[in-house]
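Engineer: Dropping a structure here in structure tokens format, bear with me for questions.
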Protein chains: 2
Amino acid sequence: MVSEKQKNILNFINIFIEKNGFAPSVREICQGVSLKSTSTVQYHLEKLIQSGLLQKNYKKSRALTVNNQLSNKKIPILGEIAAGSLLMAEENVIGTVNYPNTDEKSDLFALSVSGDSMIDEGIHEKDLVIINKNQQIKNGDIGAFLINNSEGTIKFLKNIQGKQYLVPANKNYDKIPVNENIQPIGKVVSLIRDM
Amino acid sequence: MVSEKQKNILNFINIFIEKNGFAPSVREICQGVSLKSTSTVQYHLEKLIQSGLLQKNYKKSRALTVNNQLSNKKIPILGEIAAGSLLMAEENVIGTVNYPNTDEKSDLFALSVSGDSMIDEGIHEKDLVIINKNQQIKNGDIGAFLINNSEGTIKFLKNIQGKQYLVPANKNYDKIPVNENIQPIGKVVSLIRDM
DNA sequence: TTTTTATTCGAACATATGTACTAATATATA
DNA sequence: TATATATTAGTACATATGTTCGAATAAAAA
């Protein structure tokens, strides 16, 4: 639907805004993408608008806005996992962290890692794990789980001989069979460590 | 230093940008703050610029940017560390990553980890390490170093019996004595891993 | 091939927009 | 009071900028 040139223009606009804080003029786009006619740019801008990738205000200068909802958002950091399902209750939010672009809406949150049960996977105490609570934890994934409605933990989810286990990445800990006391919270999608 | 009217104008600009995605024209500011002359607005804009609260590009339309550095910035991701000092050369930038607010200006960049020499510290291949190139690497810190002007690496910096070494976190690698072939790049301040 | 569609260009136009100049009025300062 | 400083207004100007129109060229489809 959108040609290479149009992607090129959109990218130029993005970078220009990023760099200057305001959108380029039609003629600046001309230069930026090696086109000699303003009407050619106009033509491509129309296409981009039709594709919903760009917005423009009629007759206003530099009034281009790029439709990237990819701007990064703040996601909450939960201190300890509270009992029950009131996981996202505000009382538990101990801070926020900026997290890069994602298509997901607000199904992300961060959790501070406690313990060393995943140390062999390079997940340390105090690390911040980003969890998508609406993404299913599949075999082999690292997920966050709630045990006995009280204790939160990060573990591998693994199928062993037809049964599911929470498997730590630390020889000193044993795997835990998944039963009704184990409640999945979400998949670990990212890790942030400040030093 | 700045009058009420000027604060008023600055506020109007902020809200306008927030709402529309681009800055208002001089005449739109006129309307927005109930002034009848463009030159009056011009006069106040000058004041705001002198106070360092606003930036403007000469003769460019809607080219106002408000100086609130409270927004979090994108920092470049460098693919491979290039030889010499052209570290931040644009050719090497393979992307950007959003990184939370910091007081530092633009002394941060990200580097994709290659190799497993820091595996015991939980720094994996493909992890993104955030590096502050203006922060000194002290004894015990993890830093990024350039070896022989060609190869980039992440290591501990450690003082052992009065001599400095780059120490890996992997039993399979040896420590490297620091000499003139080792060039410090910056301190590793954060780690990001996507899974 | 012919026909259609996509892309590019050039030139001209209308005006939105930043800027400069002068003057008037208010507000503060001596 | 007189003098200086801050603020507002009006007008005019130059041009930066979005827009339109027609035509040429390239690429794709029939």
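Each chain of the structure tokens is named A, B, ... in the order shown, its residues numbered from 1; ligands are numbered from 1 in display order.
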Write out as a Markdown table the residues of chain D that have any atom within 10 Å of an atom of chain B, one row each with the nearest atom pair and its distance in Å to one decimal, counting only C-alpha atoms (C1' of nucleotides), sorted by chain and then rising number.
Structural biologist:
```
| residue | atom | partner | partner_atom | distance |
| --- | --- | --- | --- | --- |
| D:DA6 | C1' | B:Ser3 | CA | 9.9 |
| D:DT7 | C1' | B:Thr40 | CA | 7.7 |
| D:DT8 | C1' | B:Thr40 | CA | 6.2 |
| D:DA9 | C1' | B:Ser37 | CA | 5.7 |
| D:DG10 | C1' | B:Ser37 | CA | 7.5 |
| D:DT15 | C1' | B:Lys59 | CA | 8.8 |
| D:DA16 | C1' | B:Lys60 | CA | 7.2 |
| D:DT17 | C1' | B:Ser61 | CA | 8.4 |
```
Engineer: Got a sec to pull out which chain C residues are within 9 Å of chain A, counting only C-alpha atoms (C1' of nucleotides), and send them as a PyMOL selection string?
Structural biologist: chain C and resi 7-10+15-17
Engineer: Would you write out those residues with C-alpha atoms (C1' of nucleotides), as an mmCIF file, in the first residue's frame?
Structural biologist:
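Final output, part-v3.cif:
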```
data_model
loop_
_atom_site.group_PDB
_atom_site.id
_atom_site.type_symbol
_atom_site.label_atom_id
_atom_site.label_comp_id
_atom_site.auth_asym_id
_atom_site.auth_seq_id
_atom_site.Cartn_x
_atom_site.Cartn_y
_atom_site.Cartn_z
ATOM 1 C "C1'" DT C 7 5.545 8.762 -9.859
ATOM 2 C "C1'" DT C 8 8.040 12.957 -10.818
ATOM 3 C "C1'" DC C 9 8.688 17.642 -12.288
ATOM 4 C "C1'" DG C 10 8.171 22.703 -13.068
ATOM 5 C "C1'" DT C 15 -1.536 33.314 1.824
ATOM 6 C "C1'" DA C 16 0.051 32.019 6.216
ATOM 7 C "C1'" DT C 17 3.696 33.515 8.890
#
```
Engineer: Which residues are near Gly186 of chain B? Cut-off 12 Å, only C-alpha atoms (C1' of nucleotides), ignore same chain within fewer than 4 positions. Put them as a compact mmCIF listing (two decimals) with N, CA and C atoms, in the first residue's frame.
Structural biologist:
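Resulting contents of selection27.txt:
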```
# COMPACT_ATOMS: atom_id res chain seq x y z
N LEU B 87 33.24 6.97 17.71
CA LEU B 87 32.35 6.02 18.34
C LEU B 87 30.90 6.29 18.02
N ASP B 107 25.20 11.72 27.07
CA ASP B 107 26.40 10.91 27.23
C ASP B 107 26.07 9.44 27.37
N LEU B 108 24.85 9.10 27.01
CA LEU B 108 24.45 7.70 27.09
C LEU B 108 24.32 7.10 25.69
N PHE B 109 24.66 5.86 25.59
CA PHE B 109 24.32 5.10 24.39
C PHE B 109 24.20 3.63 24.76
N ALA B 110 23.64 2.88 23.85
CA ALA B 110 23.41 1.47 24.13
C ALA B 110 24.28 0.62 23.22
N LEU B 111 24.61 -0.53 23.70
CA LEU B 111 25.47 -1.44 22.95
C LEU B 111 24.89 -2.84 23.08
N VAL B 129 23.28 -3.20 26.75
CA VAL B 129 23.84 -2.50 27.91
C VAL B 129 23.85 -1.00 27.63
N ILE B 130 23.42 -0.25 28.62
CA ILE B 130 23.43 1.21 28.52
C ILE B 130 24.74 1.70 29.10
N ILE B 131 25.43 2.52 28.34
CA ILE B 131 26.76 2.97 28.73
C ILE B 131 26.80 4.48 28.86
N ASN B 132 27.34 4.94 29.96
CA ASN B 132 27.57 6.37 30.14
C ASN B 132 29.03 6.64 29.84
N LYS B 133 29.27 7.32 28.72
CA LYS B 133 30.65 7.48 28.29
C LYS B 133 31.37 8.58 29.07
N ASN B 134 30.62 9.31 29.87
CA ASN B 134 31.25 10.35 30.66
C ASN B 134 31.30 10.02 32.14
N GLN B 135 31.10 8.76 32.44
CA GLN B 135 31.18 8.35 33.83
C GLN B 135 32.38 7.43 33.99
N GLN B 136 33.23 7.79 34.93
CA GLN B 136 34.48 7.06 35.09
C GLN B 136 34.24 5.63 35.57
N ILE B 137 35.00 4.72 35.04
CA ILE B 137 34.90 3.33 35.45
C ILE B 137 35.85 3.12 36.63
N LYS B 138 35.25 2.79 37.77
CA LYS B 138 36.07 2.62 38.97
C LYS B 138 36.30 1.15 39.26
N ASP B 141 33.71 -1.80 38.97
CA ASP B 141 32.62 -1.47 38.05
C ASP B 141 32.68 -2.35 36.80
N ILE B 142 31.54 -2.44 36.16
CA ILE B 142 31.51 -3.04 34.83
C ILE B 142 31.58 -1.92 33.82
N GLY B 143 32.49 -2.06 32.87
CA GLY B 143 32.65 -1.00 31.88
C GLY B 143 32.74 -1.56 30.48
N ALA B 144 32.63 -0.64 29.52
CA ALA B 144 32.85 -1.00 28.13
C ALA B 144 34.23 -0.53 27.73
N PHE B 145 34.96 -1.39 27.04
CA PHE B 145 36.33 -1.05 26.66
C PHE B 145 36.56 -1.36 25.19
N LEU B 146 37.49 -0.59 24.65
CA LEU B 146 37.88 -0.82 23.27
C LEU B 146 39.29 -1.41 23.28
N GLY B 152 35.25 -4.19 20.72
CA GLY B 152 34.60 -3.67 21.92
C GLY B 152 34.24 -4.80 22.87
N THR B 153 34.32 -4.54 24.15
CA THR B 153 34.01 -5.61 25.10
C THR B 153 33.49 -5.04 26.41
N ILE B 154 32.73 -5.86 27.10
CA ILE B 154 32.21 -5.51 28.43
C ILE B 154 32.95 -6.35 29.46
N LYS B 155 33.52 -5.68 30.45
CA LYS B 155 34.27 -6.41 31.47
C LYS B 155 34.21 -5.68 32.82
N PHE B 156 34.53 -6.44 33.85
CA PHE B 156 34.83 -5.81 35.14
C PHE B 156 36.17 -5.10 35.04
N LEU B 157 36.27 -3.97 35.73
CA LEU B 157 37.59 -3.36 35.91
C LEU B 157 37.99 -3.63 37.36
N SER B 190 23.28 0.27 32.96
CA SER B 190 22.00 -0.41 32.94
C SER B 190 22.01 -1.54 31.93
```
Engineer: When you get a sec, could you note down which chain A residues fall within 8 Å of chain B, using only C-alpha atoms, as number ranges by chain?
Structural biologist: A: 21-23, 61-65, 72, 97-100, 119-124, 188-195
Engineer: Show me, as a ChimeraX atom specification, the residues that have an atom within 10 Å of DT5 of chain C when counting only C-alpha atoms (C1' of nucleotides), minus same-chain residues fewer than 5 positions from it.
Structural biologist: /D:27-29
